[in-house]
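For reference, work_20.cif is printed below; it contains mmCIF, C-alpha atoms.
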```cif
data_query
loop_
_atom_site.group_PDB
_atom_site.id
_atom_site.type_symbol
_atom_site.label_atom_id
_atom_site.label_comp_id
_atom_site.auth_asym_id
_atom_site.auth_seq_id
_atom_site.Cartn_x
_atom_site.Cartn_y
_atom_site.Cartn_z
ATOM 1 C CA MET A 18 32.721 16.148 7.581
ATOM 2 C CA ALA A 19 34.067 16.240 4.048
ATOM 3 C CA SER A 20 33.457 13.134 2.025
ATOM 4 C CA THR A 21 35.599 13.922 -1.024
ATOM 5 C CA ASN A 22 37.027 10.788 -2.664
ATOM 6 C CA GLN A 23 35.567 8.586 0.059
ATOM 7 C CA SER A 24 34.246 5.068 -0.579
ATOM 8 C CA PRO A 25 30.492 4.430 -0.996
ATOM 9 C CA PHE A 26 30.505 2.735 2.422
ATOM 10 C CA TYR A 27 31.945 5.881 4.026
ATOM 11 C CA GLN A 28 29.400 8.093 2.253
ATOM 12 C CA ARG A 29 26.506 5.906 3.335
ATOM 13 C CA ALA A 30 27.721 5.883 6.964
ATOM 14 C CA GLU A 31 28.142 9.669 6.873
ATOM 15 C CA HIS A 32 24.598 10.094 5.537
ATOM 16 C CA GLU A 33 23.180 7.846 8.265
ATOM 17 C CA PHE A 34 25.270 9.654 10.896
ATOM 18 C CA ASN A 35 23.636 12.960 9.951
ATOM 19 C CA GLU A 36 20.172 11.399 10.266
ATOM 20 C CA ALA A 37 20.882 9.357 13.436
ATOM 21 C CA LYS A 38 18.550 9.906 16.392
ATOM 22 C CA THR A 39 20.542 8.100 19.116
ATOM 23 C CA ASP A 40 24.167 8.045 20.240
ATOM 24 C CA GLU A 41 24.265 4.285 19.647
ATOM 25 C CA GLU A 42 23.471 4.871 15.956
ATOM 26 C CA ARG A 43 26.073 7.670 15.688
ATOM 27 C CA ILE A 44 28.762 5.476 17.243
ATOM 28 C CA ALA A 45 28.000 2.624 14.802
ATOM 29 C CA CYS A 46 28.290 5.043 11.841
ATOM 30 C CA LEU A 47 31.558 6.532 13.122
ATOM 31 C CA GLU A 48 33.091 3.061 13.459
ATOM 32 C CA ILE A 49 32.456 2.442 9.739
ATOM 33 C CA MET A 50 33.748 5.898 8.782
ATOM 34 C CA MET A 51 36.975 5.396 10.740
ATOM 35 C CA LYS A 52 37.458 2.010 9.101
ATOM 36 C CA GLU A 53 36.819 3.380 5.585
ATOM 37 C CA CYS A 54 38.862 6.587 6.011
ATOM 38 C CA PRO A 55 42.068 6.441 3.876
ATOM 39 C CA LYS A 56 45.218 5.849 5.902
ATOM 40 C CA HIS A 57 47.607 8.386 4.371
ATOM 41 C CA LYS A 58 49.040 11.728 5.459
ATOM 42 C CA SER A 59 46.497 13.983 3.735
ATOM 43 C CA SER A 60 43.621 12.323 5.627
ATOM 44 C CA GLU A 61 45.221 12.381 9.083
ATOM 45 C CA ASN A 62 43.134 15.367 10.259
ATOM 46 C CA MET A 63 39.911 13.740 9.041
ATOM 47 C CA LEU A 64 40.671 10.495 10.902
ATOM 48 C CA LYS A 65 41.641 12.476 14.009
ATOM 49 C CA ASN A 66 38.325 14.365 13.869
ATOM 50 C CA LEU A 67 36.378 11.101 13.509
ATOM 51 C CA THR A 68 38.249 9.520 16.427
ATOM 52 C CA THR A 69 37.617 12.546 18.652
ATOM 53 C CA ARG A 70 33.881 12.469 17.899
ATOM 54 C CA TYR A 71 33.775 8.723 18.486
ATOM 55 C CA LYS A 72 35.395 9.052 21.930
ATOM 56 C CA LYS A 73 33.069 11.924 22.838
ATOM 57 C CA PHE A 74 29.932 9.935 22.032
ATOM 58 C CA LYS A 75 31.253 6.791 23.777
ATOM 59 C CA GLU A 76 32.092 8.754 26.946
ATOM 60 C CA GLY A 77 28.702 10.511 26.888
ATOM 61 C CA LEU A 78 26.887 7.199 26.480
ATOM 62 C CA GLU A 79 28.824 5.654 29.345
ATOM 63 C CA LYS A 80 27.939 8.603 31.631
ATOM 64 C CA LYS A 81 24.235 8.206 30.777
ATOM 65 C CA ARG A 82 24.358 4.499 31.586
ATOM 66 C CA LYS A 83 26.117 5.053 34.929
ATOM 67 C CA SER A 84 23.705 7.810 35.948
ATOM 68 C CA GLY A 85 20.694 5.684 34.995
ATOM 69 C CA LYS A 86 19.507 8.184 32.398
ATOM 70 C CA GLY A 87 18.379 6.958 29.028
ATOM 71 C CA SER A 88 17.832 3.484 30.409
ATOM 72 C CA LYS A 89 15.552 2.613 27.476
ATOM 73 C CA LEU A 90 18.030 1.539 24.831
ATOM 74 C CA GLY A 91 17.537 3.038 21.380
ATOM 75 C CA ILE A 92 18.104 0.003 19.168
ATOM 76 C CA LYS A 93 18.563 0.185 15.432
ATOM 77 C CA LYS A 94 17.669 -3.225 14.023
ATOM 78 C CA ALA A 95 20.566 -4.894 12.216
ATOM 79 C CA ASP A 96 20.322 -7.122 9.122
ATOM 80 C CA MET A 97 20.225 -10.158 11.418
ATOM 81 C CA GLN A 98 18.736 -9.828 14.885
ATOM 82 C CA CYS A 99 17.853 -12.351 17.581
ATOM 83 C CA VAL A 100 16.366 -11.827 21.040
ATOM 84 C CA LEU A 101 16.864 -13.869 24.196
ATOM 85 C CA PHE A 102 13.486 -14.219 25.880
ATOM 86 C CA GLY A 103 12.020 -16.239 28.709
ATOM 87 C CA PRO A 104 10.976 -16.501 32.360
ATOM 88 C CA PRO A 105 13.176 -15.047 35.113
ATOM 89 C CA ASN A 106 16.215 -16.948 36.375
ATOM 90 C CA THR A 107 16.419 -19.432 33.488
ATOM 91 C CA GLY A 108 19.947 -18.388 32.465
ATOM 92 C CA LYS A 109 19.311 -15.952 29.594
ATOM 93 C CA SER A 110 22.089 -13.598 30.651
ATOM 94 C CA THR A 111 24.603 -16.434 30.984
ATOM 95 C CA ILE A 112 23.869 -17.512 27.391
ATOM 96 C CA PHE A 113 24.126 -13.868 26.239
ATOM 97 C CA ASN A 114 27.561 -13.564 27.879
ATOM 98 C CA ILE A 115 28.755 -16.829 26.314
ATOM 99 C CA LEU A 116 27.643 -15.842 22.794
ATOM 100 C CA THR A 117 29.052 -12.303 22.978
ATOM 101 C CA ASN A 118 32.200 -13.203 24.944
ATOM 102 C CA ASN A 119 31.024 -10.906 27.763
ATOM 103 C CA ASN A 120 31.016 -7.809 25.539
ATOM 104 C CA PRO A 121 29.000 -6.113 26.916
ATOM 105 C CA LYS A 122 28.449 -8.223 30.019
ATOM 106 C CA SER A 123 24.854 -8.930 30.999
ATOM 107 C CA LYS A 124 24.215 -9.104 34.732
ATOM 108 C CA THR A 125 23.687 -12.594 36.139
ATOM 109 C CA SER A 126 22.255 -13.463 39.543
ATOM 110 C CA GLU A 127 20.584 -16.272 41.444
ATOM 111 C CA HIS A 128 17.730 -13.839 42.097
ATOM 112 C CA PRO A 129 14.959 -13.357 39.485
ATOM 113 C CA PHE A 130 14.658 -10.226 37.292
ATOM 114 C CA SER A 131 18.381 -9.324 37.441
ATOM 115 C CA THR A 132 18.053 -8.199 33.799
ATOM 116 C CA TYR A 133 15.669 -5.255 34.127
ATOM 117 C CA LYS A 134 16.289 -3.614 30.729
ATOM 118 C CA THR A 135 17.305 -4.631 27.209
ATOM 119 C CA ILE A 136 21.030 -5.207 26.651
ATOM 120 C CA LEU A 137 22.471 -5.070 23.141
ATOM 121 C CA GLY A 138 25.397 -7.129 21.845
ATOM 122 C CA THR A 139 26.779 -8.884 18.759
ATOM 123 C CA PHE A 140 28.457 -12.165 17.907
ATOM 124 C CA LYS A 141 29.955 -13.642 14.763
ATOM 125 C CA HIS A 142 29.098 -16.830 12.931
ATOM 126 C CA LYS A 143 31.584 -17.556 10.175
ATOM 127 C CA ASP A 144 32.005 -14.067 8.668
ATOM 128 C CA ALA A 145 28.613 -12.543 9.528
ATOM 129 C CA GLN A 146 27.797 -10.230 12.428
ATOM 130 C CA ILE A 147 24.567 -11.074 14.266
ATOM 131 C CA GLN A 148 22.856 -8.642 16.616
ATOM 132 C CA ILE A 149 21.598 -10.149 19.876
ATOM 133 C CA ILE A 150 19.426 -8.600 22.579
ATOM 134 C CA ASP A 151 19.063 -9.860 26.140
ATOM 135 C CA ASP A 152 15.500 -8.781 26.900
ATOM 136 C CA ALA A 153 14.097 -8.417 30.392
ATOM 137 C CA PRO A 154 12.220 -11.561 31.508
ATOM 138 C CA PHE A 155 8.456 -11.556 31.070
ATOM 139 C CA PRO A 156 6.229 -9.908 32.146
ATOM 140 C CA ASN A 157 8.753 -7.014 32.094
ATOM 141 C CA HIS A 158 9.919 -7.712 28.530
ATOM 142 C CA ASP A 159 9.869 -5.229 25.640
ATOM 143 C CA LYS A 160 6.862 -6.365 23.596
ATOM 144 C CA SER A 161 7.830 -4.386 20.488
ATOM 145 C CA ILE A 162 11.233 -6.092 20.275
ATOM 146 C CA VAL A 163 9.768 -9.567 20.799
ATOM 147 C CA ASN A 164 7.174 -8.962 18.073
ATOM 148 C CA SER A 165 9.536 -7.432 15.497
ATOM 149 C CA THR A 166 12.753 -9.446 15.794
ATOM 150 C CA ASP A 167 13.861 -12.044 13.234
ATOM 151 C CA THR A 168 14.551 -14.877 15.671
ATOM 152 C CA LEU A 169 13.457 -15.553 19.248
ATOM 153 C CA LEU A 170 15.781 -17.591 21.460
ATOM 154 C CA ILE A 171 13.370 -18.782 24.135
ATOM 155 C CA VAL A 172 15.232 -19.927 27.248
ATOM 156 C CA ILE A 173 13.466 -22.329 29.607
ATOM 157 C CA ASP A 174 14.469 -24.857 32.267
ATOM 158 C CA ASN A 175 11.065 -26.536 32.691
ATOM 159 C CA LEU A 176 8.512 -27.854 30.196
ATOM 160 C CA ASN A 177 5.673 -26.316 32.210
ATOM 161 C CA GLN A 178 6.933 -22.878 31.148
ATOM 162 C CA ILE A 179 6.001 -23.402 27.471
ATOM 163 C CA PRO A 180 2.233 -22.617 27.699
ATOM 164 C CA ASN A 181 2.921 -19.333 29.511
ATOM 165 C CA ILE A 182 5.544 -18.371 26.935
ATOM 166 C CA GLU A 183 3.090 -18.905 24.088
ATOM 167 C CA LYS A 184 0.775 -16.317 25.669
ATOM 168 C CA HIS A 185 3.541 -13.710 25.286
ATOM 169 C CA THR A 186 4.788 -14.648 21.810
ATOM 170 C CA TRP A 187 1.678 -15.353 19.735
ATOM 171 C CA LYS A 188 1.944 -11.984 17.951
ATOM 172 C CA SER A 189 5.562 -12.522 16.969
ATOM 173 C CA LYS A 190 6.263 -13.661 13.397
ATOM 174 C CA SER A 191 9.845 -14.564 14.224
ATOM 175 C CA LYS A 192 11.515 -17.948 13.890
ATOM 176 C CA GLN A 193 11.794 -19.608 17.302
ATOM 177 C CA ILE A 194 14.465 -21.753 18.922
ATOM 178 C CA PHE A 195 13.778 -23.131 22.393
ATOM 179 C CA ILE A 196 16.912 -23.404 24.516
ATOM 180 C CA PHE A 197 16.377 -25.903 27.326
ATOM 181 C CA ASN A 198 18.998 -24.643 29.767
ATOM 182 C CA LYS A 199 20.704 -26.182 32.806
ATOM 183 C CA THR A 200 20.510 -29.743 31.476
ATOM 184 C CA ASP A 201 23.731 -30.447 33.394
ATOM 185 C CA LEU A 202 21.504 -30.574 36.509
ATOM 186 C CA LEU A 203 19.621 -33.599 35.116
ATOM 187 C CA ASN A 204 20.823 -37.193 35.365
ATOM 188 C CA ILE A 205 20.872 -39.482 32.323
ATOM 189 C CA THR A 206 17.424 -40.971 33.032
ATOM 190 C CA GLU A 207 15.801 -37.556 33.531
ATOM 191 C CA LEU A 208 17.363 -36.203 30.341
ATOM 192 C CA ARG A 209 16.160 -39.257 28.363
ATOM 193 C CA LYS A 210 12.593 -38.787 29.662
ATOM 194 C CA LEU A 211 12.725 -35.080 28.819
ATOM 195 C CA LYS A 212 13.763 -35.749 25.220
ATOM 196 C CA ALA A 213 11.063 -38.423 24.832
ATOM 197 C CA THR A 214 8.394 -35.996 26.104
ATOM 198 C CA LEU A 215 9.545 -33.297 23.697
ATOM 199 C CA GLN A 216 9.406 -35.689 20.748
ATOM 200 C CA SER A 217 5.855 -36.787 21.579
ATOM 201 C CA LYS A 218 4.253 -33.491 22.679
ATOM 202 C CA HIS A 219 6.299 -30.745 21.022
ATOM 203 C CA LYS A 220 7.294 -32.144 17.626
ATOM 204 C CA ASN A 221 7.093 -28.764 15.879
ATOM 205 C CA ILE A 222 9.390 -26.946 18.314
ATOM 206 C CA ASP A 223 13.088 -26.646 17.517
ATOM 207 C CA PHE A 224 14.975 -27.419 20.765
ATOM 208 C CA ILE A 225 18.631 -27.244 21.700
ATOM 209 C CA PHE A 226 19.882 -28.570 25.030
ATOM 210 C CA PHE A 227 22.281 -26.218 26.760
ATOM 211 C CA LYS A 228 24.382 -26.577 29.887
ATOM 212 C CA ASN A 229 25.211 -23.758 32.278
ATOM 213 C CA ASN A 230 28.831 -24.911 32.129
ATOM 214 C CA THR A 231 28.580 -25.172 28.345
ATOM 215 C CA ASN A 232 31.448 -26.082 26.047
ATOM 216 C CA LYS A 233 32.551 -24.553 22.727
ATOM 217 C CA LEU A 234 30.881 -27.343 20.725
ATOM 218 C CA LYS A 235 27.393 -26.507 22.053
ATOM 219 C CA THR A 236 27.985 -22.776 21.562
ATOM 220 C CA SER A 237 29.024 -23.409 17.961
ATOM 221 C CA GLU A 238 25.916 -25.577 17.399
ATOM 222 C CA LEU A 239 23.648 -22.836 18.777
ATOM 223 C CA LYS A 240 25.254 -20.151 16.583
ATOM 224 C CA LYS A 241 24.782 -22.373 13.533
ATOM 225 C CA LYS A 242 21.095 -22.916 14.380
ATOM 226 C CA ILE A 243 20.558 -19.178 14.825
ATOM 227 C CA PHE A 244 22.287 -18.317 11.537
ATOM 228 C CA LYS A 245 20.124 -20.783 9.598
ATOM 229 C CA THR A 246 16.938 -18.977 10.684
ATOM 230 C CA PHE A 247 17.815 -15.861 8.670
ATOM 231 C CA PRO A 248 16.674 -15.769 4.992
ATOM 232 C CA ILE A 249 19.763 -13.862 3.886
ATOM 233 C CA ILE A 250 22.720 -14.005 1.507
ATOM 234 C CA ARG A 251 26.260 -12.749 2.049
ATOM 235 C CA ILE A 252 27.698 -10.583 -0.723
ATOM 236 C CA TYR A 253 31.341 -9.496 -0.848
ATOM 237 C CA THR A 254 32.246 -6.287 -2.641
ATOM 238 C CA LYS A 255 35.536 -5.490 -4.340
ATOM 239 C CA GLU A 256 37.165 -2.615 -6.144
ATOM 240 C CA PRO A 257 38.913 -3.173 -9.501
ATOM 241 C CA SER A 258 42.341 -4.832 -9.103
ATOM 242 C CA LYS A 259 41.773 -5.315 -5.369
ATOM 243 C CA LYS A 260 40.798 -8.235 -3.146
ATOM 244 C CA PRO A 261 37.177 -8.714 -2.002
ATOM 245 C CA SER A 262 36.035 -7.236 1.302
ATOM 246 C CA ILE A 263 36.585 -9.388 4.386
ATOM 247 C CA GLU A 264 33.155 -8.714 5.871
ATOM 248 C CA PRO A 265 30.090 -9.375 3.717
ATOM 249 C CA MET A 266 27.130 -7.159 2.966
ATOM 250 C CA ILE A 267 23.933 -8.847 4.189
ATOM 251 C CA LEU A 268 20.973 -8.935 1.787
ATOM 252 C CA LYS A 269 17.675 -10.781 1.609
ATOM 253 C CA GLU A 270 17.472 -13.897 -0.547
ATOM 254 C CA LYS A 271 16.838 -13.240 -4.278
ATOM 255 C CA SER A 272 18.224 -9.700 -4.045
ATOM 256 C CA THR A 273 19.394 -8.105 -7.300
ATOM 257 C CA VAL A 274 22.508 -6.151 -8.247
ATOM 258 C CA LYS A 275 20.390 -2.992 -8.063
ATOM 259 C CA ILE A 276 19.376 -3.721 -4.461
ATOM 260 C CA ALA A 277 23.014 -4.318 -3.518
ATOM 261 C CA ALA A 278 24.102 -1.008 -5.085
ATOM 262 C CA GLU A 279 21.317 0.918 -3.357
ATOM 263 C CA LYS A 280 22.253 -0.596 -0.012
ATOM 264 C CA ILE A 281 25.802 0.693 -0.433
ATOM 265 C CA LEU A 282 24.625 4.186 -1.353
ATOM 266 C CA LYS A 283 21.222 5.549 -2.313
ATOM 267 C CA GLY A 284 21.159 6.425 -6.024
ATOM 268 C CA MET A 285 24.279 4.387 -6.794
ATOM 269 C CA SER A 286 22.436 1.968 -9.124
ATOM 270 C CA LYS A 287 21.829 4.825 -11.597
ATOM 271 C CA LYS A 288 25.555 5.566 -11.807
ATOM 272 C CA ILE A 289 26.724 2.017 -12.596
ATOM 273 C CA LYS A 290 28.631 1.651 -15.867
ATOM 274 C CA ARG A 291 29.514 -2.020 -15.425
ATOM 275 C CA THR A 292 29.027 -4.798 -12.873
ATOM 276 C CA ARG A 293 31.145 -7.951 -12.696
ATOM 277 C CA ILE A 294 30.294 -11.062 -10.679
ATOM 278 C CA TRP A 295 32.303 -13.985 -9.289
ATOM 279 C CA GLY A 296 30.698 -16.857 -7.404
ATOM 280 C CA PRO A 297 27.583 -19.090 -7.372
ATOM 281 C CA SER A 298 25.386 -16.825 -9.523
ATOM 282 C CA SER A 299 27.971 -16.313 -12.276
ATOM 283 C CA LYS A 300 28.448 -18.491 -15.357
ATOM 284 C CA PHE A 301 32.188 -17.734 -15.215
ATOM 285 C CA GLY A 302 34.456 -15.601 -13.064
ATOM 286 C CA GLY A 303 34.182 -11.895 -13.800
ATOM 287 C CA GLN A 304 30.934 -12.185 -15.783
ATOM 288 C CA SER A 305 29.355 -8.820 -16.674
ATOM 289 C CA VAL A 306 25.730 -8.623 -15.521
ATOM 290 C CA GLY A 307 22.868 -6.128 -15.471
ATOM 291 C CA THR A 308 21.206 -4.518 -12.470
ATOM 292 C CA GLU A 309 18.372 -7.095 -12.448
ATOM 293 C CA HIS A 310 20.778 -10.019 -12.045
ATOM 294 C CA ILE A 311 19.774 -12.109 -8.998
ATOM 295 C CA LEU A 312 22.588 -12.659 -6.524
ATOM 296 C CA LYS A 313 23.386 -15.810 -4.547
ATOM 297 C CA ASP A 314 25.096 -16.438 -1.224
ATOM 298 C CA LYS A 315 28.866 -15.747 -1.253
ATOM 299 C CA ASP A 316 28.869 -13.886 -4.581
ATOM 300 C CA VAL A 317 31.626 -11.319 -5.107
ATOM 301 C CA ILE A 318 30.489 -8.144 -6.855
ATOM 302 C CA GLU A 319 32.530 -5.371 -8.468
ATOM 303 C CA PHE A 320 30.991 -2.039 -9.498
ATOM 304 C CA LYS A 321 32.393 0.463 -11.951
ATOM 305 C CA THR A 322 30.535 3.781 -11.648
ATOM 306 C CA GLU A 323 30.569 7.089 -13.487
#
```
Would you give me this structure, written as structure tokens?
Amino acid sequence: MASTNQSPFYQRAEHEFNEAKTDEERIACLEIMMKECPKHKSSENMLKNLTTRYKKFKEGLEKKRKSGKGSKLGIKKADMQCVLFGPPNTGKSTIFNILTNNNPKSKTSEHPFSTYKTILGTFKHKDAQIQIIDDAPFPNHDKSIVNSTDTLLIVIDNLNQIPNIEKHTWKSKSKQIFIFNKTDLLNITELRKLKATLQSKHKNIDFIFFKNNTNKLKTSELKKKIFKTFPIIRIYTKEPSKKPSIEPMILKEKSTVKIAAEKILKGMSKKIKRTRIWGPSSKFGGQSVGTEHILKDKDVIEFKTE
């Protein structure tokens, strides 16, 4: 694929496409390339070629899923990732479907172990995309995902499940949020006793009470809690004389201009002639800064390269 006069985002996606090891990774790269491809007559063939490849990979992936082949999902960790984890039949898949708006839909059942493999999805909080995985219930869970993710969403419906969960999560360095599900099945007295027990015995655990027939308010509260666990900043890029990007680039806290440039495209920081900043880290709008300037959440950054 020719990348002449393409944006840094397109070039980075093209580079990652060529190095991708799974169809899921190739599809994610193609989505960015289609979005970044110029929409004028001279680029019609390029966009058509990208679209054809995208459909081919999507159809191939769907055939593999239906045939049962490749059941172990090749997951490329996103900038923000959380994993739903817990005992069987506690409602993990229902929460996954609520957060992702059933895209893709995770199987739910009254029988235990209906989720037998990892299912990948995404949801948005404000303007940031968060990757979420519905893991198989323990003891069939993927240990590597549980140990490497940023945030564990531990779904339980009984306090007696906590000690057993700790045996499976002690290696994980992730932030943890316990979701006490199905609280709509408790009466007011039972719910009051539950909260009192949690306050006395589990003071250091962050709990959220969730109902199976949950409303938008609770879903919004859970998304907010999840987002706060990530030590990240959102950076918006812009080209000269144009508006900032709608979707932010996700970076770690205290990232520099150089790190932002390198995330867009490897080697880009060496080609920068000037960088301008708008937002919390700037003294005034459009301030010129060097590559070691430390960025803050919601900064807007404009690069001028050679």
If you apply the PyMOL selection byres ((chain A and resi 43-48) around 7) to this file, what residues do you get, as a PyMOL selection string? chain A and resi 30-31+33-34+37+39-42+49-52+67+71+74
How would you write, as number ranges by chain, the residues chosen by the PyMOL selection byres ((chain A and resi 117) around 12) on this structure? A: 110-116, 118-123, 136-142, 146-151, 236, 240
Between A:Ala145, A:Glu256, A:Cys54, A:Ser298, which residue has the minimum interatomic distance to Phe244 (chain A), considering all atoms listed in the file? A:Ala145
Nearest-residue call for Asp152 (chain A), choices A:Phe226, A:Ile194, A:Lys109, A:Lys184, using all atoms listed in the file: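 Closest to Asp152 (chain A), using all atoms listed in the file: A:Lys109.
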Name the residues captured by the PyMOL selection byres ((chain A and resi 302-313) around 9) when it is applied to the shown file; answer as JSON, numbers by chain. {"A": [250, 251, 252, 270, 271, 272, 273, 274, 275, 276, 277, 278, 286, 289, 291, 292, 293, 294, 295, 296, 297, 298, 299, 300, 301, 314, 315, 316, 318, 319]}
Would you compute the distance between CA of Met266 (chain A) and CA of Lys73 (chain A)? Give it in Å to one decimal.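 Between CA of Met266 (chain A) and CA of Lys73 (chain A) the gap is 28.2 Å.
In this structure, CA of Lys56 (chain A) sits 16.3 Å away from CA of Pro25 (chain A).
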Kindly write region 273-285 of chain A with N, CA and C atoms to a file, as a compact mmCIF listing (two decimals), in the first residue's frame.
```
# COMPACT_ATOMS: atom_id res chain seq x y z
N THR A 273 6.10 13.43 27.64
CA THR A 273 6.65 14.63 27.00
C THR A 273 6.17 14.74 25.56
N VAL A 274 6.48 15.89 24.96
CA VAL A 274 6.18 16.11 23.54
C VAL A 274 6.87 15.05 22.69
N LYS A 275 8.08 14.70 23.06
CA LYS A 275 8.84 13.68 22.31
C LYS A 275 8.11 12.34 22.31
N ILE A 276 7.59 11.95 23.48
CA ILE A 276 6.88 10.68 23.59
C ILE A 276 5.62 10.70 22.72
N ALA A 277 4.93 11.84 22.71
CA ALA A 277 3.72 11.97 21.89
C ALA A 277 4.06 11.82 20.41
N ALA A 278 5.13 12.47 19.96
CA ALA A 278 5.54 12.40 18.56
C ALA A 278 5.92 10.98 18.17
N GLU A 279 6.65 10.29 19.05
CA GLU A 279 7.08 8.93 18.75
C GLU A 279 5.91 7.95 18.73
N LYS A 280 4.87 8.26 19.50
CA LYS A 280 3.70 7.40 19.47
C LYS A 280 2.96 7.54 18.15
N ILE A 281 2.95 8.74 17.60
CA ILE A 281 2.32 8.95 16.29
C ILE A 281 3.08 8.20 15.21
N LEU A 282 4.41 8.37 15.20
CA LEU A 282 5.24 7.70 14.20
C LEU A 282 6.67 7.62 14.71
N LYS A 283 7.24 6.43 14.68
CA LYS A 283 8.60 6.24 15.15
C LYS A 283 9.57 7.11 14.35
N GLY A 284 10.41 7.87 15.04
CA GLY A 284 11.38 8.75 14.40
C GLY A 284 10.87 10.15 14.13
N MET A 285 9.57 10.38 14.41
CA MET A 285 8.97 11.68 14.12
C MET A 285 9.58 12.80 14.96
```
